[in-house]
Amino acid sequence: MIEVKKEGVVLNKTGLGFENESVLNPAAIRDGDSIHFFYRAVHFRNYSTIGYCRLDSPLHVAERYDKPFLKPEFDYESHGMEDPRVVKIDGVYYLTYVAFDGVNALGALATSTDLQHFKKVGIIAPKIKYTDFDRLTKNNKELNEKYLSYNEGANYLADKDLVFFPRRINGKLTFLHRIKPDIQITAVNKLEDLTDEFWENYFSNFGENIALAPKYPHEICYLGSGCPPIETEHGWLLIYHGVKATEKRYEYSCCVALVDIDDPQKEIARLPYPLFKPELDYELKGDVDDVCFPTGTALFDDKLYIYYGAADELIACASVSLSGLLNELLLNRAVGGA
């Protein structure tokens with residue numbers, strides 16, 4: 001098994017009104033020696049904005065705003081902006097987040113060229129009702145029956161954990177997202193291609209758009225995309241969360257897979273065990289117990305720092321050797337993996 005070091009807590013909640021309940025699930029992007037954090041800040045009644053801080057080394061906060069960096073402006077995000085991720089593609093920063101209106105939770109996007117001023121693009125995840133999903137996917141063979149059981153009674157099916165690959169793949173903007181229980185993948189020439197007609201065809205052929213499905217006991221209930229994919233010489237490194245049911249609750253662990261550079265739906269390898277899971281007090285007890293929820297990384301030489309929400313209450317970090325992790329993955333190749 002690969003050795004992982006739990007580096008400890010990086011960011012705690014404060015007494016400030018916008019983040020006095022919890023801070024969690026940060027987007028992270030490195031710029032020189034600095035790491036920019038855009039994190040979910042929660043106050044009373046689970047109302048979320050996006051806070052900001054800057055780290056001048058992987059574990060040290062040098063600057064932190066005392067007010068929200070981004071906050072809800074539109075009806076589709078009226079109850080909160082949650083769980084951001086960030087990448088840079090062709091000189092543009094893509095900040096994705098879950099827009100929650102009190103009923104619907106859907107992937108949304110804001111863009112920037114300087115990490116300071118963001119323009120909200122709006123919801124880019126599909127708005128699909130349960131009845132339409134059922135109708136459009138009926139001809140998909142061997143579709144996991146959990147799709148209907150997990151999403152029954154929803155207005156629009158929750159589509160969360162939307163994260164872009166950090167460059168175009170085969171000329172297309174490509175992103176992962178999640179309708180329970182699997183992780184799906186979408187690729188378009190431009191965002192304007194995400195039309196109602198596009199999504200109707202997408203769901204009619206839904207089985208072809210599944211990127212990762214639960215495979216091992218620690219992720220058997222459902223998966224969710226986590227950190228932005230990391231390009232390596234062996235393929236895209238995917239750091240995601242896997243969920244299993246325990247006697248009292250769900251347990252969220254940090255999981256890892258390797259997929260093909262040109263065809264990210266082709267799985268090369270996957271760890272048969274969690275990279276790390278809730279074990280420490282601040283991971284086991286919090287706003288939601290038993291949660292390690294990875295959303296951002298920073299690479300310094302061969303050391304990969306993984307930032308995660310711990311028990312939905314604070315932000316912590318774990319580190320691992322990138323080369324060691326890749327070697328471990330290649331010992332666990334998928335059947336037919338390259």
# chains A, B, ... in the order shown; residues from 1 in each chain; ligands from 1
>>> residues_around(residues="A:Arg64", least_positions_apart="2", cutoff="12 Å", atoms="only C-alpha atoms", output="list of chain:residue names")
A:Leu11, A:Asn12, A:Lys13, A:Thr14, A:Leu16, A:Ile35, A:His36, A:Phe37, A:Phe38, A:Tyr39, A:Gly51, A:Tyr52, A:Cys53, A:Arg54, A:Leu55, A:Asp56, A:His60, A:Val61, A:Ala62, A:Asp66, A:Lys67, A:Pro68, A:Phe69
>>> closest_atom_pairs(of="stretch 124-184 of chain A", to="stretch 279-295 of chain A", cutoff="12 Å", atoms="only C-alpha atoms", output="JSON lines")
{"residue": "A:Asp161", "atom": "CA", "partner": "A:Thr295", "partner_atom": "CA", "distance": 8.9}
{"residue": "A:Leu162", "atom": "CA", "partner": "A:Thr295", "partner_atom": "CA", "distance": 10.6}
{"residue": "A:Val163", "atom": "CA", "partner": "A:Thr295", "partner_atom": "CA", "distance": 9.3}
>>> closest_residue(among="A:Met1, A:Val259, A:Ala187, A:Leu275", to="A:Arg167", atoms="only C-alpha atoms")
A:Ala187
>>> residues_around(residues="A:Lys266", least_positions_apart="2", cutoff="12 Å", atoms="only C-alpha atoms", output="list in words")
Ile185, Glu208, Asn209, Ile210, Ala211, Leu212, Gly235, Trp236, Ala257, Leu258, Val259, Asp260, Ile261, Asp262, Asp263, Pro264, Ile268, Ala269, Arg270, Arg333, Ala334, Val335, Gly336, Gly337 and Ala338 of chain A
>>> closest_residue(among="A:Ala316, A:Val23, A:Leu95, A:Leu331", to="A:Phe165", atoms="only C-alpha atoms")
A:Leu95
>>> closest_residue(among="A:Leu237, A:Val243, A:Ala41, A:Leu271", to="A:Leu223", atoms="only C-alpha atoms")
A:Val243
>>> residues_around(residues="A:Tyr130", least_positions_apart="3", cutoff="9 Å", atoms="only C-alpha atoms", output="compact mmCIF listing (two decimals) with N, CA and C atoms, in the first residue's frame")
# COMPACT_ATOMS: atom_id res chain seq x y z
N PHE A 133 -35.70 11.42 -17.27
CA PHE A 133 -34.54 10.54 -17.16
C PHE A 133 -34.98 9.09 -17.36
N ASP A 134 -36.04 8.70 -16.70
CA ASP A 134 -36.56 7.34 -16.81
C ASP A 134 -36.93 7.03 -18.26
N ARG A 135 -37.60 7.97 -18.91
CA ARG A 135 -38.04 7.76 -20.30
C ARG A 135 -36.85 7.65 -21.24
N LEU A 148 -32.50 5.18 -10.43
CA LEU A 148 -33.89 5.52 -10.17
C LEU A 148 -34.18 5.58 -8.68
N ASN A 151 -32.66 8.81 -7.09
CA ASN A 151 -33.14 10.08 -7.59
C ASN A 151 -34.66 10.21 -7.61
N GLU A 152 -35.35 9.21 -7.13
CA GLU A 152 -36.81 9.25 -7.13
C GLU A 152 -37.31 10.42 -6.29
N GLY A 153 -38.33 11.10 -6.82
CA GLY A 153 -38.93 12.22 -6.11
C GLY A 153 -38.23 13.54 -6.33
N ALA A 154 -37.11 13.54 -7.08
CA ALA A 154 -36.39 14.78 -7.32
C ALA A 154 -37.15 15.66 -8.32
N ASN A 155 -36.95 16.96 -8.21
CA ASN A 155 -37.45 17.87 -9.23
C ASN A 155 -36.52 17.71 -10.43
N TYR A 156 -35.41 18.42 -10.43
CA TYR A 156 -34.33 18.08 -11.35
C TYR A 156 -33.38 17.12 -10.63
N LEU A 157 -32.87 16.13 -11.34
CA LEU A 157 -31.91 15.22 -10.73
C LEU A 157 -30.68 16.01 -10.29
>>> select_by_dssp(residues="stretch 72-273 of chain A", states="alpha helix (DSSP H)", output="PyMOL selection string")
chain A and resi 130-137+146-151+196-204
>>> write_last_selection(atoms="C-alpha atoms", output="short mmCIF file (atom, residue, chain, number, x, y, z; two decimals), in the first residue's frame")
data_model
loop_
_atom_site.label_atom_id
_atom_site.label_comp_id
_atom_site.auth_asym_id
_atom_site.auth_seq_id
_atom_site.Cartn_x
_atom_site.Cartn_y
_atom_site.Cartn_z
CA TYR A 130 -36.93 12.13 -12.95
CA THR A 131 -39.68 11.14 -15.41
CA ASP A 132 -37.65 12.35 -18.39
CA PHE A 133 -34.54 10.54 -17.16
CA ASP A 134 -36.56 7.34 -16.81
CA ARG A 135 -38.04 7.76 -20.30
CA LEU A 136 -34.79 8.61 -22.07
CA THR A 137 -32.64 5.93 -20.43
CA LYS A 146 -29.68 2.78 -8.21
CA TYR A 147 -30.14 5.67 -10.66
CA LEU A 148 -33.89 5.52 -10.17
CA SER A 149 -33.88 4.67 -6.47
CA TYR A 150 -31.38 7.41 -5.56
CA ASN A 151 -33.14 10.08 -7.59
CA ASP A 196 -31.63 20.75 -24.63
CA GLU A 197 -31.18 18.70 -27.81
CA PHE A 198 -27.62 17.81 -26.78
CA TRP A 199 -28.75 16.57 -23.37
CA GLU A 200 -31.68 14.60 -24.79
CA ASN A 201 -29.28 12.68 -27.01
CA TYR A 202 -26.84 12.39 -24.10
CA PHE A 203 -29.39 10.67 -21.89
CA SER A 204 -30.74 8.52 -24.70
#
>>> select_by_dssp(residues="stretch 268-336 of chain A", states="strand (DSSP E)", output="count of residues only")
28
>>> atom_distance(atom1="atom CA of A:Lys190", atom2="atom CA of A:Leu106")
19.2 Å
>>> decode(residues="stretch 84-224 of chain A", atoms="C-alpha atoms", output="PDB file, in the first residue's frame")
ATOM      1  CA  PRO A  84     -15.991  24.735  -5.885  1.00  0.00           C
ATOM      2  CA  ARG A  85     -13.236  23.377  -8.145  1.00  0.00           C
ATOM      3  CA  VAL A  86     -10.914  25.371 -10.387  1.00  0.00           C
ATOM      4  CA  VAL A  87      -8.717  24.749 -13.461  1.00  0.00           C
ATOM      5  CA  LYS A  88      -7.040  26.907 -16.104  1.00  0.00           C
ATOM      6  CA  ILE A  89      -7.749  26.170 -19.774  1.00  0.00           C
ATOM      7  CA  ASP A  90      -6.380  28.265 -22.660  1.00  0.00           C
ATOM      8  CA  GLY A  91      -5.665  31.197 -20.344  1.00  0.00           C
ATOM      9  CA  VAL A  92      -9.108  31.155 -18.728  1.00  0.00           C
ATOM     10  CA  TYR A  93      -9.877  29.993 -15.185  1.00  0.00           C
ATOM     11  CA  TYR A  94     -12.950  27.777 -14.916  1.00  0.00           C
ATOM     12  CA  LEU A  95     -14.453  27.816 -11.418  1.00  0.00           C
ATOM     13  CA  THR A  96     -17.229  25.271 -11.090  1.00  0.00           C
ATOM     14  CA  TYR A  97     -19.540  24.915  -8.116  1.00  0.00           C
ATOM     15  CA  VAL A  98     -22.868  23.471  -7.033  1.00  0.00           C
ATOM     16  CA  ALA A  99     -25.646  26.025  -7.355  1.00  0.00           C
ATOM     17  CA  PHE A 100     -28.384  25.305  -4.817  1.00  0.00           C
ATOM     18  CA  ASP A 101     -31.748  27.060  -4.931  1.00  0.00           C
ATOM     19  CA  GLY A 102     -33.171  25.305  -1.886  1.00  0.00           C
ATOM     20  CA  VAL A 103     -34.539  22.415  -3.976  1.00  0.00           C
ATOM     21  CA  ASN A 104     -32.242  21.766  -6.925  1.00  0.00           C
ATOM     22  CA  ALA A 105     -28.470  21.196  -6.771  1.00  0.00           C
ATOM     23  CA  LEU A 106     -26.802  21.615 -10.172  1.00  0.00           C
ATOM     24  CA  GLY A 107     -23.304  22.263 -11.523  1.00  0.00           C
ATOM     25  CA  ALA A 108     -22.627  25.897 -12.431  1.00  0.00           C
ATOM     26  CA  LEU A 109     -19.662  27.826 -13.816  1.00  0.00           C
ATOM     27  CA  ALA A 110     -17.893  31.154 -13.379  1.00  0.00           C
ATOM     28  CA  THR A 111     -14.857  32.208 -15.424  1.00  0.00           C
ATOM     29  CA  SER A 112     -11.947  34.609 -14.948  1.00  0.00           C
ATOM     30  CA  THR A 113      -8.676  35.634 -16.567  1.00  0.00           C
ATOM     31  CA  ASP A 114      -7.037  36.874 -13.357  1.00  0.00           C
ATOM     32  CA  LEU A 115      -8.515  34.864 -10.427  1.00  0.00           C
ATOM     33  CA  GLN A 116      -9.879  38.117  -9.041  1.00  0.00           C
ATOM     34  CA  HIS A 117     -12.850  39.015 -11.210  1.00  0.00           C
ATOM     35  CA  PHE A 118     -15.252  36.218 -12.113  1.00  0.00           C
ATOM     36  CA  LYS A 119     -18.147  36.262 -14.553  1.00  0.00           C
ATOM     37  CA  LYS A 120     -20.949  33.837 -13.817  1.00  0.00           C
ATOM     38  CA  VAL A 121     -21.901  31.729 -16.825  1.00  0.00           C
ATOM     39  CA  GLY A 122     -24.781  29.961 -15.068  1.00  0.00           C
ATOM     40  CA  ILE A 123     -25.828  26.328 -14.771  1.00  0.00           C
ATOM     41  CA  ILE A 124     -24.099  24.067 -17.293  1.00  0.00           C
ATOM     42  CA  ALA A 125     -25.217  20.703 -15.887  1.00  0.00           C
ATOM     43  CA  PRO A 126     -28.360  19.194 -17.419  1.00  0.00           C
ATOM     44  CA  LYS A 127     -31.745  20.074 -15.988  1.00  0.00           C
ATOM     45  CA  ILE A 128     -33.509  16.740 -16.263  1.00  0.00           C
ATOM     46  CA  LYS A 129     -36.583  15.617 -14.389  1.00  0.00           C
ATOM     47  CA  TYR A 130     -36.926  12.134 -12.955  1.00  0.00           C
ATOM     48  CA  THR A 131     -39.678  11.141 -15.406  1.00  0.00           C
ATOM     49  CA  ASP A 132     -37.648  12.352 -18.391  1.00  0.00           C
ATOM     50  CA  PHE A 133     -34.539  10.538 -17.165  1.00  0.00           C
ATOM     51  CA  ASP A 134     -36.559   7.337 -16.812  1.00  0.00           C
ATOM     52  CA  ARG A 135     -38.042   7.759 -20.298  1.00  0.00           C
ATOM     53  CA  LEU A 136     -34.791   8.613 -22.072  1.00  0.00           C
ATOM     54  CA  THR A 137     -32.643   5.933 -20.426  1.00  0.00           C
ATOM     55  CA  LYS A 138     -35.033   2.980 -20.778  1.00  0.00           C
ATOM     56  CA  ASN A 139     -33.166   1.600 -23.785  1.00  0.00           C
ATOM     57  CA  ASN A 140     -29.780   1.745 -22.048  1.00  0.00           C
ATOM     58  CA  LYS A 141     -28.761  -1.830 -21.308  1.00  0.00           C
ATOM     59  CA  GLU A 142     -27.698  -2.793 -17.781  1.00  0.00           C
ATOM     60  CA  LEU A 143     -28.077   0.706 -16.332  1.00  0.00           C
ATOM     61  CA  ASN A 144     -27.534   0.600 -12.575  1.00  0.00           C
ATOM     62  CA  GLU A 145     -30.936   0.375 -10.882  1.00  0.00           C
ATOM     63  CA  LYS A 146     -29.685   2.781  -8.209  1.00  0.00           C
ATOM     64  CA  TYR A 147     -30.143   5.672 -10.659  1.00  0.00           C
ATOM     65  CA  LEU A 148     -33.890   5.521 -10.167  1.00  0.00           C
ATOM     66  CA  SER A 149     -33.879   4.670  -6.468  1.00  0.00           C
ATOM     67  CA  TYR A 150     -31.379   7.413  -5.560  1.00  0.00           C
ATOM     68  CA  ASN A 151     -33.143  10.083  -7.586  1.00  0.00           C
ATOM     69  CA  GLU A 152     -36.811   9.255  -7.128  1.00  0.00           C
ATOM     70  CA  GLY A 153     -38.928  12.219  -6.105  1.00  0.00           C
ATOM     71  CA  ALA A 154     -36.389  14.782  -7.323  1.00  0.00           C
ATOM     72  CA  ASN A 155     -37.450  17.870  -9.233  1.00  0.00           C
ATOM     73  CA  TYR A 156     -34.328  18.080 -11.354  1.00  0.00           C
ATOM     74  CA  LEU A 157     -31.909  15.222 -10.731  1.00  0.00           C
ATOM     75  CA  ALA A 158     -29.054  16.459  -8.560  1.00  0.00           C
ATOM     76  CA  ASP A 159     -25.972  16.824 -10.782  1.00  0.00           C
ATOM     77  CA  LYS A 160     -22.995  17.739  -8.612  1.00  0.00           C
ATOM     78  CA  ASP A 161     -19.185  17.510  -8.465  1.00  0.00           C
ATOM     79  CA  LEU A 162     -18.677  19.137 -11.858  1.00  0.00           C
ATOM     80  CA  VAL A 163     -14.984  19.547 -12.637  1.00  0.00           C
ATOM     81  CA  PHE A 164     -13.175  20.272 -15.910  1.00  0.00           C
ATOM     82  CA  PHE A 165     -10.081  18.557 -17.204  1.00  0.00           C
ATOM     83  CA  PRO A 166      -7.315  21.215 -17.212  1.00  0.00           C
ATOM     84  CA  ARG A 167      -6.955  21.194 -20.998  1.00  0.00           C
ATOM     85  CA  ARG A 168      -9.006  20.334 -24.054  1.00  0.00           C
ATOM     86  CA  ILE A 169      -9.028  16.644 -24.966  1.00  0.00           C
ATOM     87  CA  ASN A 170      -9.181  15.941 -28.696  1.00  0.00           C
ATOM     88  CA  GLY A 171     -10.011  19.613 -29.126  1.00  0.00           C
ATOM     89  CA  LYS A 172     -12.996  19.519 -26.758  1.00  0.00           C
ATOM     90  CA  LEU A 173     -13.788  21.025 -23.388  1.00  0.00           C
ATOM     91  CA  THR A 174     -14.260  17.974 -21.197  1.00  0.00           C
ATOM     92  CA  PHE A 175     -15.708  17.706 -17.724  1.00  0.00           C
ATOM     93  CA  LEU A 176     -16.732  15.144 -15.146  1.00  0.00           C
ATOM     94  CA  HIS A 177     -19.952  15.419 -13.157  1.00  0.00           C
ATOM     95  CA  ARG A 178     -22.101  13.170 -11.030  1.00  0.00           C
ATOM     96  CA  ILE A 179     -25.670  11.951 -11.028  1.00  0.00           C
ATOM     97  CA  LYS A 180     -25.706   9.173  -8.428  1.00  0.00           C
ATOM     98  CA  PRO A 181     -24.329   6.545  -8.370  1.00  0.00           C
ATOM     99  CA  ASP A 182     -21.693   6.932 -11.130  1.00  0.00           C
ATOM    100  CA  ILE A 183     -19.383   9.645 -12.459  1.00  0.00           C
ATOM    101  CA  GLN A 184     -20.308  10.827 -15.948  1.00  0.00           C
ATOM    102  CA  ILE A 185     -18.237  12.605 -18.597  1.00  0.00           C
ATOM    103  CA  THR A 186     -19.215  15.277 -21.126  1.00  0.00           C
ATOM    104  CA  ALA A 187     -17.230  16.813 -24.001  1.00  0.00           C
ATOM    105  CA  VAL A 188     -18.189  19.723 -26.275  1.00  0.00           C
ATOM    106  CA  ASN A 189     -16.486  22.065 -28.704  1.00  0.00           C
ATOM    107  CA  LYS A 190     -17.921  25.054 -26.856  1.00  0.00           C
ATOM    108  CA  LEU A 191     -20.218  25.570 -23.895  1.00  0.00           C
ATOM    109  CA  GLU A 192     -22.990  26.855 -26.144  1.00  0.00           C
ATOM    110  CA  ASP A 193     -23.306  23.288 -27.480  1.00  0.00           C
ATOM    111  CA  LEU A 194     -24.894  22.216 -24.171  1.00  0.00           C
ATOM    112  CA  THR A 195     -28.432  22.599 -25.522  1.00  0.00           C
ATOM    113  CA  ASP A 196     -31.632  20.748 -24.629  1.00  0.00           C
ATOM    114  CA  GLU A 197     -31.175  18.702 -27.809  1.00  0.00           C
ATOM    115  CA  PHE A 198     -27.620  17.810 -26.781  1.00  0.00           C
ATOM    116  CA  TRP A 199     -28.749  16.568 -23.375  1.00  0.00           C
ATOM    117  CA  GLU A 200     -31.677  14.598 -24.788  1.00  0.00           C
ATOM    118  CA  ASN A 201     -29.279  12.684 -27.010  1.00  0.00           C
ATOM    119  CA  TYR A 202     -26.835  12.386 -24.102  1.00  0.00           C
ATOM    120  CA  PHE A 203     -29.388  10.667 -21.886  1.00  0.00           C
ATOM    121  CA  SER A 204     -30.740   8.519 -24.700  1.00  0.00           C
ATOM    122  CA  ASN A 205     -27.210   7.090 -24.860  1.00  0.00           C
ATOM    123  CA  PHE A 206     -26.469   7.537 -21.192  1.00  0.00           C
ATOM    124  CA  GLY A 207     -24.542   4.316 -20.692  1.00  0.00           C
ATOM    125  CA  GLU A 208     -21.922   5.551 -23.150  1.00  0.00           C
ATOM    126  CA  ASN A 209     -21.248   8.600 -20.977  1.00  0.00           C
ATOM    127  CA  ILE A 210     -20.343   6.899 -17.697  1.00  0.00           C
ATOM    128  CA  ALA A 211     -16.714   7.502 -16.766  1.00  0.00           C
ATOM    129  CA  LEU A 212     -16.410   5.563 -13.495  1.00  0.00           C
ATOM    130  CA  ALA A 213     -18.802   3.269 -11.653  1.00  0.00           C
ATOM    131  CA  PRO A 214     -18.530   1.763  -8.140  1.00  0.00           C
ATOM    132  CA  LYS A 215     -16.240  -1.240  -8.117  1.00  0.00           C
ATOM    133  CA  TYR A 216     -14.804  -1.939  -4.658  1.00  0.00           C
ATOM    134  CA  PRO A 217     -16.431  -2.235  -1.195  1.00  0.00           C
ATOM    135  CA  HIS A 218     -15.257   1.200   0.017  1.00  0.00           C
ATOM    136  CA  GLU A 219     -17.051   2.913  -2.907  1.00  0.00           C
ATOM    137  CA  ILE A 220     -19.943   0.537  -3.443  1.00  0.00           C
ATOM    138  CA  CYS A 221     -22.809   2.973  -2.793  1.00  0.00           C
ATOM    139  CA  TYR A 222     -21.765   5.779  -5.137  1.00  0.00           C
ATOM    140  CA  LEU A 223     -18.874   7.877  -6.422  1.00  0.00           C
ATOM    141  CA  GLY A 224     -18.313  11.568  -7.017  1.00  0.00           C
TER     142      GLY A 224
END
